[in-house]
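Engineer: Just dropping this structure here.
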Amino acid sequence: MARVLVVGAGLTGSVCAALLQGATRERVCVWDKARGAGGRMSTSRSALDAACTADLGAQYITRSAGQRGRFYEELLCHGILEPLSARIEGLMEKEGSCDYVAPQGISSVVKYYLRQSGADVFYEHHVTHISLRGGKWEVSRKMASPELFDVVILTMPVPQILQLQGDIVNIINERQKQQLESAHYSSRYALGLFYEVGARIDVPWAAKYITDNPCIRFISIDNKKRNIDSPEIGPSVVVHTTVTFGTEHLDSDPAEVQQLILSHLESLVPSLPKAASVKCQKWRYSQVTKAVPNCPGQMILHTQPLLICGGDGFTCSNFDGCIESAMSLAETVRSYL
């Protein structure tokens, strides 16, 4: 009875866990260092009103013509996704593509797959060391005793794999290390502004791409974008910075970064009322700009016992890329089991 650990409760990890459902008589475990599911598909709540939410990571999902039909249809059937109908200024539409939003927040996509997986999901489990112990993987995390697993699947951003300690440092051979080190990510900040019930945001769009500001690239009236305008829930606004701004301020004081973004936002949308609460989110590994070469979907680091890694760092940073990696990971693990 193999015990399987998936590290990372983002889209790749959750889909992989769902695809492994029934592959082992023991339940799959999913660990994530965050306080909730989603990874870069996260939905945040107002500190003052849990009903007021905002997507600080992915904003919507784009389906290219002919791609992964069954996954989209399943999510649409269960009401997890619905077609994007709100007005987004500057949205570049490709022929044959469709855009979808998640009315319950983008993290609901990940939560759906975690439910389907039947896995034991644990948050605030920050993996630090992976070592070999008697033909199994001993996985250590901060402030807790290590646990043993027969299979470990790593789905976190590639640079975080290279930061792990223990035997994994020597298990990753020089060629693999060079491949992993060649993966590159963009960085950016996201700001969530949460408002009280009754606050009015008078703009003619639900979201807008900004092309002439050094700080801000995207603004969304998030509840409007997700078609959940309600007199009982306060509105929310999401701001994404440019990659250049994110890179330049990657290690700056978060409070100073927040004020900088807010000052630019005020110049772009002067009618915006004062928010009841604000959350500043730094995405150090926002989107993959260069994937790990010659490893479509995943990389096997060790076979007996199996240690494998995947995620959008091995494909691309969109829904289809994560699904492709999850399918590749699950197929490899199933053949091993």
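If you're wondering about the labels, chains in the structure tokens are A, B, ... by order shown, residues count from 1 in each chain, ligands from 1 in order shown.
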Any chance you could tabulate, as a Markdown table, the residues of stretch 178-255 of chain A at most 8 Å from stretch 292-312 of chain A with each one's nearest atom pair and distance in Å to one decimal, using only C-alpha atoms, in chain and rising number order?
Structural biologist:
```
| residue | atom | partner | partner_atom | distance |
| --- | --- | --- | --- | --- |
| A:Gln179 | CA | A:Val292 | CA | 5.7 |
| A:Leu180 | CA | A:Val292 | CA | 5.7 |
| A:Glu181 | CA | A:Val292 | CA | 8.0 |
| A:Ser182 | CA | A:Val292 | CA | 6.3 |
| A:Ala183 | CA | A:Val292 | CA | 5.0 |
```
Engineer: Any chance you can output those residues with C-alpha atoms as a PDB file, in the first residue's frame?
Structural biologist:
```pdb
ATOM      1  CA  GLN A 179      17.879  22.239 -16.589  1.00  0.00           C
ATOM      2  CA  LEU A 180      15.988  23.303 -13.464  1.00  0.00           C
ATOM      3  CA  GLU A 181      18.113  26.420 -13.007  1.00  0.00           C
ATOM      4  CA  SER A 182      17.286  27.528 -16.544  1.00  0.00           C
ATOM      5  CA  ALA A 183      13.577  27.984 -15.692  1.00  0.00           C
TER       6      ALA A 183
END
```
Engineer: Pick out the residues sitting within 12 Å of A:Gln163, and hand them over as JSON, numbers by chain; count only C-alpha atoms, and ignore anything fewer than 3 positions along from it in its own chain.
Structural biologist: {"A": [127, 128, 129, 130, 156, 157, 158, 159, 160, 166, 168, 169, 172, 177, 180, 181]}
Engineer: Identify, on the basis of only C-alpha atoms, every residue whose closest approach to A:Glu124 does not exceed 8 Å; exclude the query and any residue fewer than 6 positions from it along the same chain; express the result as a short mmCIF file (atom, residue, chain, number, x, y, z; two decimals) with C-alpha atoms, in the first residue's frame.
Structural biologist:
```
data_model
loop_
_atom_site.label_atom_id
_atom_site.label_comp_id
_atom_site.auth_asym_id
_atom_site.auth_seq_id
_atom_site.Cartn_x
_atom_site.Cartn_y
_atom_site.Cartn_z
CA TRP A 31 0.71 19.47 1.70
CA ASP A 32 0.91 23.20 1.10
CA LYS A 33 2.83 25.86 3.00
CA ALA A 34 0.03 28.43 2.61
CA ARG A 35 -3.05 28.75 4.81
#
```
Engineer: What is the atom CA of A:Phe245-atom CA of A:Arg188 distance in Å, reported with one decimal?
Structural biologist: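 That distance, rounded to one decimal, is 6.9 Å.
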Engineer: For each of A:Val151, A:Ala276, A:Leu76, A:Ala144, take the minimum atom-to-atom distance to A:Met1, counting only C-alpha atoms, then give the residue where this is smallest.
Structural biologist: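 Once distances to A:Met1 are computed over only C-alpha atoms, the minimum belongs to A:Val151.
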Engineer: So the first atom is atom CA of A:Arg40 and the second is atom CA of A:Gly234; what is the distance between them in Å, to one decimal place?
Structural biologist: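 Here the two named atoms are 23.6 Å from each other.
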Engineer: In terms of the shortest atom-to-atom distance over only C-alpha atoms, which of A:Ile106, A:His78, A:Tyr100, A:His125 is closest to A:Val7?
Structural biologist: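 Closest to A:Val7, using only C-alpha atoms: A:His125.
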Engineer: Check stretch 12-206 of chain A with DSSP on the backbone and list each residue it calls alpha helix (DSSP H), as a PyMOL selection string.
Structural biologist: chain A and resi 12-19+69-77+107-117+158-162+168-171+174-181
Engineer: Could you list, as a count of residues only, every residue within 7 Å of stretch 285-289 of chain A, counting only C-alpha atoms and ignoring same-chain residues fewer than 3 positions away?
Structural biologist: 10
Engineer: Near A:Leu20, counting only C-alpha atoms, which residues have an atom at most 9 Å away, once you skip same-chain residues fewer than 6 positions from it, shown as a PyMOL selection string?
Structural biologist: chain A and resi 28+117+330-331+333-334
Engineer: Show which residues sit within 12 Å of A:Glu248, as a ChimeraX atom specification. Count only C-alpha atoms, and ignore same-chain residues fewer than 4 positions away.
Structural biologist: /A:186-189,214-215,241-244,252-253,257,284
Engineer: Please measure the separation of atom CA of A:Leu337 and atom CA of A:Ala17, giving the value in Å to one decimal.
Structural biologist: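 Distance between the two atoms: 14.1 Å.
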Engineer: Considering only strand (DSSP E or B) as DSSP defines it on the backbone, what residues of stretch 1-62 of chain A qualify? List them as a PyMOL selection string.
Structural biologist: chain A and resi 4-7+29-31+43-45+53-55+61-62
Engineer: When you count only C-alpha atoms, which of these residues is closest to A:Val237: A:Leu48, A:Ala275, A:Leu193, A:Ala37?
Structural biologist: A:Leu193
